[in-house]
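Printed here is query_17.txt (compact mmCIF, C-alpha atoms):
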```
# COMPACT_ATOMS: atom_id res chain seq x y z
CA MET A 1 112.34 8.71 24.14
CA LYS A 2 109.17 10.37 25.28
CA ARG A 3 106.50 7.89 26.41
CA ALA A 4 102.77 8.41 26.57
CA TYR A 5 100.98 7.38 29.75
CA VAL A 6 97.45 7.33 31.11
CA GLN A 7 97.53 10.23 33.54
CA ALA A 8 93.96 10.05 34.84
CA THR A 9 90.44 8.85 34.08
CA ALA A 10 86.94 9.90 35.10
CA TRP A 11 83.43 8.90 34.07
CA HIS A 12 79.83 9.98 34.16
CA VAL A 13 76.50 8.24 33.70
CA PRO A 14 73.10 9.95 33.48
CA GLU A 15 70.71 9.97 36.44
CA GLY A 16 67.88 8.14 34.69
CA GLU A 17 67.72 4.39 35.34
CA LEU A 18 66.15 1.38 33.68
CA THR A 19 66.10 -1.56 36.08
CA ASN A 20 65.38 -5.21 35.39
CA ASP A 21 62.09 -4.78 37.27
CA ASP A 22 61.18 -1.97 34.85
CA LEU A 23 62.05 -4.16 31.87
CA ALA A 24 60.18 -7.18 33.25
CA ARG A 25 57.07 -5.03 33.66
CA GLU A 26 57.38 -3.58 30.13
CA LEU A 27 58.48 -6.64 28.18
CA GLY A 28 56.35 -9.16 30.05
CA ASP A 29 57.91 -12.48 29.05
CA TRP A 30 61.18 -12.27 31.04
CA THR A 31 61.46 -11.90 34.81
CA ALA A 32 63.95 -9.48 36.36
CA GLU A 33 66.05 -12.42 37.56
CA LYS A 34 66.09 -14.05 34.11
CA ILE A 35 67.34 -10.78 32.61
CA PHE A 36 70.16 -10.74 35.18
CA ASP A 37 70.97 -14.41 34.56
CA LYS A 38 71.28 -13.84 30.80
CA THR A 39 73.13 -10.50 30.88
CA GLY A 40 74.78 -9.99 34.27
CA ILE A 41 73.12 -6.55 34.35
CA ARG A 42 70.73 -5.30 37.04
CA THR A 43 70.25 -1.70 35.91
CA ARG A 44 71.27 0.74 33.21
CA HIS A 45 71.59 4.51 33.23
CA ILE A 46 69.53 6.23 30.56
CA ALA A 47 70.01 9.75 29.20
CA ALA A 48 67.08 12.17 29.36
CA PRO A 49 65.43 13.05 26.02
CA ASP A 50 67.40 16.31 25.79
CA GLU A 51 70.64 14.81 27.14
CA CYS A 52 73.22 13.97 24.46
CA ALA A 53 76.43 11.97 24.48
CA SER A 54 78.38 15.24 24.39
CA ASP A 55 76.64 16.31 27.62
CA LEU A 56 77.75 13.08 29.30
CA GLY A 57 81.25 13.53 27.90
CA VAL A 58 81.48 17.11 29.18
CA ALA A 59 80.37 15.96 32.64
CA ALA A 60 83.02 13.21 32.65
CA ALA A 61 85.71 15.69 31.57
CA GLU A 62 84.71 18.17 34.27
CA LYS A 63 85.20 15.40 36.86
CA LEU A 64 88.61 14.76 35.32
CA PHE A 65 89.58 18.43 35.58
CA ALA A 66 88.61 18.40 39.26
CA LEU A 67 91.48 15.95 39.89
CA ASP A 68 94.95 17.12 40.97
CA GLY A 69 97.26 17.80 38.04
CA CYS A 70 94.53 17.65 35.39
CA ASN A 71 94.28 21.14 33.93
CA ARG A 72 92.11 22.09 30.99
CA GLU A 73 94.70 24.68 29.92
CA ASP A 74 97.19 21.85 29.30
CA VAL A 75 95.02 20.00 26.77
CA ASP A 76 96.24 20.60 23.24
CA TYR A 77 94.40 17.78 21.45
CA LEU A 78 90.81 16.61 21.98
CA ILE A 79 89.54 13.30 20.63
CA PHE A 80 85.83 12.60 21.01
CA CYS A 81 84.88 9.02 20.27
CA THR A 82 81.17 8.46 19.72
CA GLN A 83 78.53 6.98 17.49
CA SER A 84 75.91 9.30 19.01
CA PRO A 85 77.00 12.71 17.69
CA ASP A 86 75.09 15.92 18.34
CA TYR A 87 74.91 16.78 14.64
CA PHE A 88 75.98 15.44 11.23
CA MET A 89 78.06 18.61 11.18
CA PRO A 90 80.00 20.07 12.91
CA SER A 91 81.97 17.47 14.83
CA SER A 92 80.82 17.16 18.42
CA SER A 93 84.43 17.62 19.51
CA CYS A 94 84.25 21.25 18.35
CA VAL A 95 81.12 21.77 20.46
CA ILE A 96 82.86 20.13 23.42
CA GLN A 97 86.00 22.28 23.03
CA ASP A 98 83.87 25.36 23.65
CA ARG A 99 81.75 23.88 26.44
CA LEU A 100 84.81 22.73 28.37
CA GLY A 101 86.53 26.08 27.89
CA LEU A 102 89.52 24.44 26.25
CA ARG A 103 92.04 26.64 24.46
CA LYS A 104 91.28 27.64 20.87
CA ASN A 105 94.76 26.80 19.59
CA ILE A 106 94.17 23.06 19.93
CA ALA A 107 92.99 20.22 17.69
CA ALA A 108 89.52 18.72 18.14
CA VAL A 109 88.38 15.70 16.17
CA ASP A 110 85.65 13.05 16.32
CA VAL A 111 86.37 9.35 15.95
CA GLY A 112 83.34 7.32 14.86
CA GLN A 113 84.10 4.06 16.55
CA GLY A 114 81.96 1.96 18.90
CA CYS A 115 82.80 -0.68 21.46
CA SER A 116 86.48 -0.79 20.51
CA GLY A 117 86.71 3.01 20.45
CA TRP A 118 88.63 3.66 23.65
CA VAL A 119 91.53 1.43 22.65
CA TYR A 120 91.60 3.03 19.19
CA GLY A 121 91.50 6.49 20.78
CA LEU A 122 94.28 5.52 23.15
CA SER A 123 96.45 4.39 20.25
CA LEU A 124 95.92 7.72 18.49
CA ALA A 125 96.70 9.64 21.69
CA LYS A 126 99.88 7.63 22.26
CA SER A 127 101.02 8.27 18.70
CA LEU A 128 100.36 12.01 18.99
CA VAL A 129 102.22 12.32 22.29
CA GLU A 130 105.21 10.17 21.39
CA ALA A 131 105.58 11.88 17.99
CA GLU A 132 105.44 15.16 19.95
CA VAL A 133 102.54 16.41 17.86
CA ALA A 134 100.65 16.97 21.12
CA GLN A 135 101.66 17.33 24.74
CA ARG A 136 98.45 16.30 26.46
CA VAL A 137 95.51 14.57 24.81
CA LEU A 138 91.99 14.51 26.21
CA LEU A 139 90.17 11.40 25.01
CA ILE A 140 86.43 11.43 25.65
CA THR A 141 84.22 8.44 24.88
CA ALA A 142 80.44 8.75 25.14
CA ASP A 143 77.33 7.16 23.70
CA THR A 144 73.57 7.23 24.21
CA HIS A 145 72.48 4.01 22.52
CA SER A 146 69.26 4.01 24.56
CA LYS A 147 67.97 6.56 22.03
CA VAL A 148 68.25 4.10 19.13
CA VAL A 149 67.22 0.89 20.87
CA GLY A 150 63.76 -0.38 19.97
CA PRO A 151 61.54 -0.14 23.08
CA ARG A 152 60.26 -3.70 22.51
CA ASP A 153 63.61 -5.23 21.51
CA ARG A 154 64.87 -7.12 24.55
CA SER A 155 67.94 -8.39 22.62
CA VAL A 156 69.53 -4.95 22.97
CA ARG A 157 67.39 -3.03 25.45
CA THR A 158 68.43 -5.36 28.27
CA ILE A 159 72.11 -4.78 27.51
CA PHE A 160 72.92 -1.18 26.61
CA GLY A 161 73.21 1.75 29.00
CA ASP A 162 74.36 5.32 28.38
CA GLY A 163 77.63 6.67 29.73
CA ALA A 164 80.85 8.54 29.15
CA ALA A 165 84.49 8.51 30.18
CA ALA A 166 87.32 11.00 29.99
CA THR A 167 90.96 9.96 29.80
CA LEU A 168 93.95 12.28 29.99
CA ILE A 169 97.04 11.05 28.20
CA GLY A 170 100.30 12.81 28.98
CA GLY A 171 103.97 12.30 28.16
CA THR A 172 107.05 11.48 30.20
CA GLY A 173 110.45 13.11 29.79
CA HIS A 174 112.68 12.11 26.90
CA ASP A 175 114.71 9.63 28.96
CA ALA A 176 111.92 7.10 29.56
CA GLN A 177 112.86 3.54 28.62
CA GLN A 178 109.73 1.56 29.31
CA GLU A 179 106.63 1.68 27.14
CA LEU A 180 103.68 2.69 29.34
CA VAL A 181 100.91 2.52 26.73
CA GLY A 182 101.17 -0.27 24.18
CA PRO A 183 101.92 -2.35 22.31
CA PHE A 184 98.63 -2.49 20.46
CA LEU A 185 96.88 -4.95 18.18
CA PHE A 186 94.02 -4.06 15.85
CA GLY A 187 91.53 -5.86 13.69
CA THR A 188 88.72 -5.01 11.29
CA ASP A 189 86.23 -7.16 9.37
CA GLY A 190 83.91 -4.93 7.38
CA SER A 191 82.40 -7.95 5.61
CA ALA A 192 80.34 -8.39 8.79
CA CYS A 193 79.37 -4.72 9.08
CA LYS A 194 75.66 -5.55 9.26
CA THR A 195 76.06 -7.70 12.37
CA ILE A 196 75.57 -4.57 14.49
CA LEU A 197 73.85 -1.82 12.56
CA ILE A 198 71.44 1.10 12.55
CA PRO A 199 70.26 0.79 8.94
CA ALA A 200 68.49 4.12 8.41
CA GLY A 201 69.41 7.71 9.04
CA GLY A 202 72.62 8.11 7.06
CA TYR A 203 72.99 8.80 3.36
CA ARG A 204 72.93 5.09 2.33
CA GLN A 205 69.38 4.72 3.64
CA PRO A 206 67.88 8.10 4.49
CA MET A 207 65.33 8.32 7.29
CA THR A 208 61.74 8.02 6.07
CA ASP A 209 58.38 7.34 7.73
CA ALA A 210 58.59 3.76 6.44
CA ALA A 211 61.98 3.31 8.08
CA ARG A 212 60.38 4.12 11.43
CA ILE A 213 57.82 1.32 11.25
CA ALA A 214 58.73 -1.46 13.70
CA ARG A 215 58.38 -5.11 12.71
CA GLU A 216 58.53 -8.27 14.83
CA ASP A 217 61.39 -10.72 14.33
CA LYS A 218 61.13 -14.48 14.93
CA GLY A 219 62.34 -14.05 18.50
CA GLY A 220 59.46 -11.71 19.33
CA ASN A 221 61.57 -8.54 19.30
CA TRP A 222 60.25 -5.43 17.57
CA ARG A 223 62.51 -2.96 15.79
CA SER A 224 62.50 -0.56 12.87
CA ASP A 225 65.29 0.39 10.48
CA ALA A 226 65.80 3.47 12.64
CA ASN A 227 66.70 1.21 15.58
CA MET A 228 69.90 -0.57 16.44
CA TYR A 229 70.05 -4.17 15.26
CA MET A 230 72.45 -6.67 16.79
CA ASP A 231 72.83 -10.30 15.76
CA GLY A 232 73.77 -11.54 19.23
CA PRO A 233 74.78 -15.11 18.29
CA GLU A 234 77.02 -13.90 15.44
CA VAL A 235 78.62 -11.30 17.72
CA PHE A 236 79.24 -14.11 20.19
CA ASN A 237 80.82 -16.26 17.47
CA PHE A 238 82.97 -13.32 16.40
CA THR A 239 84.28 -12.73 19.92
CA LEU A 240 85.01 -16.43 20.50
CA ASN A 241 87.00 -16.53 17.28
CA VAL A 242 88.85 -13.22 17.55
CA VAL A 243 89.42 -12.36 21.21
CA PRO A 244 91.44 -15.41 22.42
CA ARG A 245 93.70 -15.13 19.37
CA THR A 246 94.13 -11.38 19.92
CA VAL A 247 95.08 -11.90 23.56
CA GLN A 248 97.69 -14.48 22.56
CA GLN A 249 99.11 -12.26 19.83
CA LEU A 250 99.37 -9.27 22.16
CA LEU A 251 101.15 -11.40 24.76
CA GLU A 252 103.66 -12.47 22.11
CA LYS A 253 104.12 -8.89 20.90
CA SER A 254 104.64 -7.76 24.51
CA GLY A 255 107.02 -10.60 25.35
CA MET A 256 104.82 -11.57 28.27
CA THR A 257 102.94 -14.61 29.50
CA LEU A 258 99.31 -14.70 30.58
CA GLU A 259 100.48 -14.91 34.21
CA GLN A 260 102.56 -11.73 33.88
CA VAL A 261 99.48 -9.64 33.15
CA ASP A 262 98.14 -8.41 36.47
CA TYR A 263 94.63 -7.53 35.34
CA PHE A 264 92.47 -7.94 32.26
CA ILE A 265 89.74 -5.50 31.30
CA PHE A 266 87.72 -6.63 28.31
CA HIS A 267 84.93 -4.60 26.77
CA GLN A 268 82.04 -5.12 29.17
CA ALA A 269 79.66 -6.44 26.51
CA ASN A 270 77.63 -8.70 28.78
CA ARG A 271 78.52 -11.25 31.43
CA PHE A 272 77.57 -14.20 29.24
CA ILE A 273 80.26 -13.33 26.68
CA LEU A 274 82.83 -12.36 29.32
CA ASP A 275 82.41 -15.59 31.31
CA ARG A 276 82.92 -17.71 28.21
CA LEU A 277 85.94 -15.71 27.02
CA ARG A 278 87.59 -15.84 30.44
CA ALA A 279 87.15 -19.62 30.66
CA LYS A 280 88.30 -20.18 27.08
CA ILE A 281 91.47 -18.11 27.54
CA GLY A 282 92.16 -19.48 31.01
CA ILE A 283 92.32 -16.25 33.01
CA ALA A 284 91.88 -16.52 36.78
CA PRO A 285 88.61 -14.86 37.91
CA GLU A 286 90.40 -12.55 40.36
CA ARG A 287 92.45 -11.06 37.51
CA PHE A 288 89.48 -10.57 35.19
CA CYS A 289 87.16 -7.58 35.36
CA ILE A 290 83.41 -7.96 35.28
CA ASP A 291 81.93 -4.63 36.34
CA MET A 292 78.75 -3.87 34.49
CA ASP A 293 75.81 -4.98 36.66
CA TRP A 294 75.18 -1.37 37.70
CA CYS A 295 75.44 0.33 34.29
CA GLY A 296 75.13 -2.17 31.43
CA ASN A 297 77.14 -2.02 28.23
CA THR A 298 78.17 1.61 27.68
CA SER A 299 79.91 0.90 24.37
CA SER A 300 83.26 2.69 24.03
CA SER A 301 83.20 3.76 27.68
CA THR A 302 83.05 0.33 29.34
CA ILE A 303 86.83 -0.14 29.55
CA PRO A 304 87.79 3.33 30.90
CA ILE A 305 84.91 3.23 33.39
CA ALA A 306 85.98 -0.21 34.61
CA PHE A 307 89.64 0.89 34.64
CA ASN A 308 88.81 3.94 36.76
CA ARG A 309 86.71 1.93 39.21
CA ALA A 310 89.43 -0.72 39.51
CA VAL A 311 91.99 2.00 40.31
CA GLU A 312 89.61 3.60 42.83
CA SER A 313 89.00 0.26 44.54
CA GLY A 314 92.73 -0.55 44.69
CA THR A 315 92.41 -3.54 42.37
CA ILE A 316 94.68 -1.79 39.87
CA ARG A 317 97.81 -0.31 41.46
CA SER A 318 100.92 1.50 40.36
CA GLY A 319 103.32 -0.69 38.37
CA MET A 320 100.69 -3.18 37.25
CA ASN A 321 100.37 -4.46 33.70
CA VAL A 322 96.79 -4.21 32.49
CA MET A 323 95.54 -5.68 29.23
CA ALA A 324 92.55 -3.93 27.64
CA VAL A 325 90.67 -5.83 24.94
CA ALA A 326 87.83 -4.25 22.98
CA PHE A 327 85.53 -5.68 20.31
CA GLY A 328 82.24 -4.89 18.66
CA VAL A 329 80.53 -2.89 15.93
CA GLY A 330 82.43 -2.69 12.67
CA LEU A 331 83.24 -5.44 13.19
CA SER A 332 86.26 -4.07 14.91
CA TRP A 333 88.63 -5.13 17.65
CA ALA A 334 91.73 -3.88 19.41
CA ALA A 335 93.90 -4.71 22.39
CA ALA A 336 96.45 -2.73 24.36
CA MET A 337 98.91 -3.32 27.14
CA ILE A 338 98.87 -0.53 29.73
CA ARG A 339 101.48 -0.12 32.45
CA VAL A 340 100.03 1.86 35.34
CA PRO A 341 102.40 4.72 36.30
CA MET B 1 79.39 -39.80 21.61
CA MET B 2 77.60 -36.66 22.70
CA LYS B 3 79.08 -35.06 25.83
CA PRO B 4 76.66 -34.83 28.80
CA ALA B 5 76.79 -31.03 29.06
CA PHE B 6 75.94 -30.63 25.39
CA ARG B 7 73.17 -33.24 25.56
CA SER B 8 71.75 -31.55 28.64
CA LYS B 9 71.73 -28.09 27.01
CA LEU B 10 70.18 -29.43 23.84
CA ALA B 11 67.49 -31.16 25.89
CA GLU B 12 66.84 -27.95 27.82
CA ILE B 13 66.41 -25.96 24.60
CA LEU B 14 64.15 -28.62 23.06
CA SER B 15 62.19 -29.09 26.33
CA ILE B 16 62.67 -32.87 26.30
CA ALA B 17 64.53 -35.32 28.54
CA PRO B 18 68.26 -35.78 27.71
CA ASP B 19 67.87 -39.50 27.05
CA GLU B 20 65.14 -38.82 24.49
CA ILE B 21 67.65 -37.15 22.15
CA THR B 22 68.60 -39.24 19.11
CA GLU B 23 70.14 -38.38 15.75
CA ALA B 24 66.61 -38.22 14.32
CA THR B 25 65.38 -35.64 16.86
CA ILE B 26 64.01 -32.60 15.05
CA LEU B 27 65.83 -29.38 16.01
CA GLY B 28 63.62 -26.64 14.56
CA ALA B 29 66.53 -24.27 15.13
CA ASP B 30 65.33 -21.82 12.48
CA GLU B 31 62.56 -20.97 14.96
CA TRP B 32 64.81 -20.54 18.00
CA ASP B 33 65.28 -17.13 19.54
CA SER B 34 68.73 -15.62 19.89
CA VAL B 35 69.06 -16.61 23.55
CA GLN B 36 68.55 -20.28 22.70
CA VAL B 37 71.12 -20.06 19.91
CA LEU B 38 73.56 -18.31 22.25
CA ASP B 39 73.11 -21.01 24.88
CA LEU B 40 73.83 -23.71 22.33
CA LEU B 41 76.87 -21.91 20.92
CA ALA B 42 78.37 -21.42 24.38
CA THR B 43 77.92 -25.08 25.27
CA MET B 44 79.22 -26.19 21.86
CA ASP B 45 82.36 -24.09 22.34
CA GLU B 46 82.84 -25.26 25.92
CA SER B 47 82.30 -28.95 25.12
CA TYR B 48 83.98 -29.27 21.72
CA GLY B 49 85.92 -26.04 21.09
CA VAL B 50 83.98 -25.24 17.93
CA THR B 51 81.13 -22.92 16.98
CA LEU B 52 78.87 -22.75 13.95
CA SER B 53 77.26 -19.77 12.26
CA THR B 54 73.61 -19.14 13.01
CA GLY B 55 72.85 -19.95 9.35
CA VAL B 56 74.45 -23.39 9.64
CA ILE B 57 72.63 -24.12 12.90
CA GLY B 58 69.33 -22.97 11.40
CA ALA B 59 69.85 -25.21 8.35
CA SER B 60 70.35 -28.31 10.53
CA LYS B 61 66.97 -30.03 10.58
CA THR B 62 67.91 -32.82 12.99
CA VAL B 63 70.41 -33.50 15.77
CA GLY B 64 72.25 -35.82 13.38
CA GLU B 65 72.66 -33.04 10.80
CA LEU B 66 73.93 -30.70 13.50
CA GLN B 67 76.47 -33.31 14.65
CA THR B 68 77.67 -33.80 11.07
CA ARG B 69 78.28 -30.07 10.72
CA MET B 70 79.99 -29.90 14.10
CA ARG B 71 82.32 -32.75 13.05
CA ALA B 72 83.09 -30.89 9.84
CA ALA B 73 84.07 -27.88 11.97
CA GLY B 74 86.48 -30.05 13.95
CA ALA B 75 84.39 -31.32 16.85
CA ASP B 76 85.34 -34.74 18.19
CA LEU B 77 82.02 -36.50 18.77
```

As structure tokens, what does this structure read like?
Amino acid sequence: MKRAYVQATAWHVPEGELTNDDLARELGDWTAEKIFDKTGIRTRHIAAPDECASDLGVAAAEKLFALDGCNREDVDYLIFCTQSPDYFMPSSSCVIQDRLGLRKNIAAVDVGQGCSGWVYGLSLAKSLVEAEVAQRVLLITADTHSKVVGPRDRSVRTIFGDGAAATLIGGTGHDAQQELVGPFLFGTDGSACKTILIPAGGYRQPMTDAARIAREDKGGNWRSDANMYMDGPEVFNFTLNVVPRTVQQLLEKSGMTLEQVDYFIFHQANRFILDRLRAKIGIAPERFCIDMDWCGNTSSSTIPIAFNRAVESGTIRSGMNVMAVAFGVGLSWAAAMIRVP
Amino acid sequence: MMKPAFRSKLAEILSIAPDEITEATILGADEWDSVQVLDLLATMDESYGVTLSTGVIGASKTVGELQTRMRAAGADL
């Protein structure tokens, strides 16, 4: 049967930077080194005021189209995964279709998913290609969470950076035996939807002047209902409970052992979480990706950015089995096995 | 018996010496910031393989109460 595969990836981050020195000067009570110790992040890239997630996504896709064999004329399905859309309507994917000069006889759709978004998008792309609904899917992930982070909220401002990734998913001939993308595992727990949340601005709680008034929490962080809220300890509990089990279940579904997976790329949430997960699952450090000190947590783009950089550095090579594990806002999680063509 | 790594982390958070910790030691966890809670959760998971919700930690007035809730979650201490 026809098999979907990851043909190529590319990424883009904005020029603006927010270093730990900048944060230490602004926030006062943490030194630059303490911020690094707690997060594993030294700097983040920050979009300009007039720079949107779609702009970052377009830049990532243009880098993709500069690669051999990646032609915009071949794309017949565009998936844009973001929680930082240009407008309530239309979908940002429609805007991107035009800006990238993609054909008009293609599908373009937004997926409103966060940290687990790339794995979800990959599962949709695989399904479209293998069902022969589409020949070549362009999956773009992009977010600009810096725009919704409270300036005096170190619980999130130290962690999130802006960024985008573009992934081209193609299909093999009909005689392919081996699955190259998948199997997948998914999970959702909407009962904890307020663990990571921007309360105001949608129809449930419309934006008002009162919603923009920042208040101090017991930890000394200031945020308004227009800002992103994240309950860090509960997110940590969630990942400790869900991720090891998900890894085990995906290994069983794949018929593989932990040792047969060549490389693990988890959502680059922060180093504190990643270190604990790696130790708890028992993955050797050299087979576990931590690549976020230069860009922070870019939400749905962390995995494809890390994947691309690991390919570029030679860490990931042809024939390798890579496990991608994503988790975050929703609460939502997903894992995928990827065989590198 | 409290494991040394857990005792050490608890002492660090409470800014007291490890050997000063008893079951009667006041936690005051409802006033901790998220980094302190995270540190405790990570050490709890590493030492005992259990975690507690932030609400349960915050409701534990003393070290003894915290230990009782950790035992209820499956911790061997």

Within 10 Å of chain A: residues of chain B, using all atoms listed in the file, as a tab-separated table (two decimals) with C-alpha atoms, in the frame of the given file:
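result28.tsv, written as the output of this step:
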```
chain	number	residue	atom	x	y	z
B	30	ASP	CA	65.33	-21.82	12.48
B	31	GLU	CA	62.56	-20.97	14.96
B	32	TRP	CA	64.81	-20.54	18.00
B	33	ASP	CA	65.28	-17.13	19.54
B	34	SER	CA	68.73	-15.62	19.89
B	35	VAL	CA	69.06	-16.61	23.55
B	36	GLN	CA	68.55	-20.28	22.70
B	37	VAL	CA	71.12	-20.06	19.91
B	38	LEU	CA	73.56	-18.31	22.25
B	39	ASP	CA	73.11	-21.01	24.88
B	40	LEU	CA	73.83	-23.71	22.33
B	41	LEU	CA	76.87	-21.91	20.92
B	42	ALA	CA	78.37	-21.42	24.38
B	43	THR	CA	77.92	-25.08	25.27
B	45	ASP	CA	82.36	-24.09	22.34
B	46	GLU	CA	82.84	-25.26	25.92
B	49	GLY	CA	85.92	-26.04	21.09
B	50	VAL	CA	83.98	-25.24	17.93
B	51	THR	CA	81.13	-22.92	16.98
B	52	LEU	CA	78.87	-22.75	13.95
B	53	SER	CA	77.26	-19.77	12.26
B	54	THR	CA	73.61	-19.14	13.01
B	55	GLY	CA	72.85	-19.95	9.35
```

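With distances taken over all atoms listed in the file, B:Glu23 is the one residue among B:Ser47, B:Glu23, B:Leu77, B:Lys9 lying closest to Glu65 (chain B).
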
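Taking CA of Arg309 (chain A) and CA of Tyr263 (chain A) as endpoints, the distance between them is 12.9 Å.
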
- [ ] Determine, counting only C-alpha atoms, which protein, DNA and RNA residues have an atom within 8 Å of an atom of Thr25 (chain B); residues of the same chain fewer than 6 positions away are not included. Present the result as a PyMOL selection string.
- [x] chain B and resi 62-64

Task: Interatomic distance, CA of Ser299 (chain A) to CA of Trp222 (chain A) (Å, one decimal) - done: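 Rounded to one decimal, the two atoms are 21.7 Å apart.
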
Open item on the list: Restricting the calculation to only C-alpha atoms: of A:Arg223, A:Arg245, A:Lys194, A:Arg204, which residue gets closest to Val329 (chain A)?
Closed with: A:Lys194
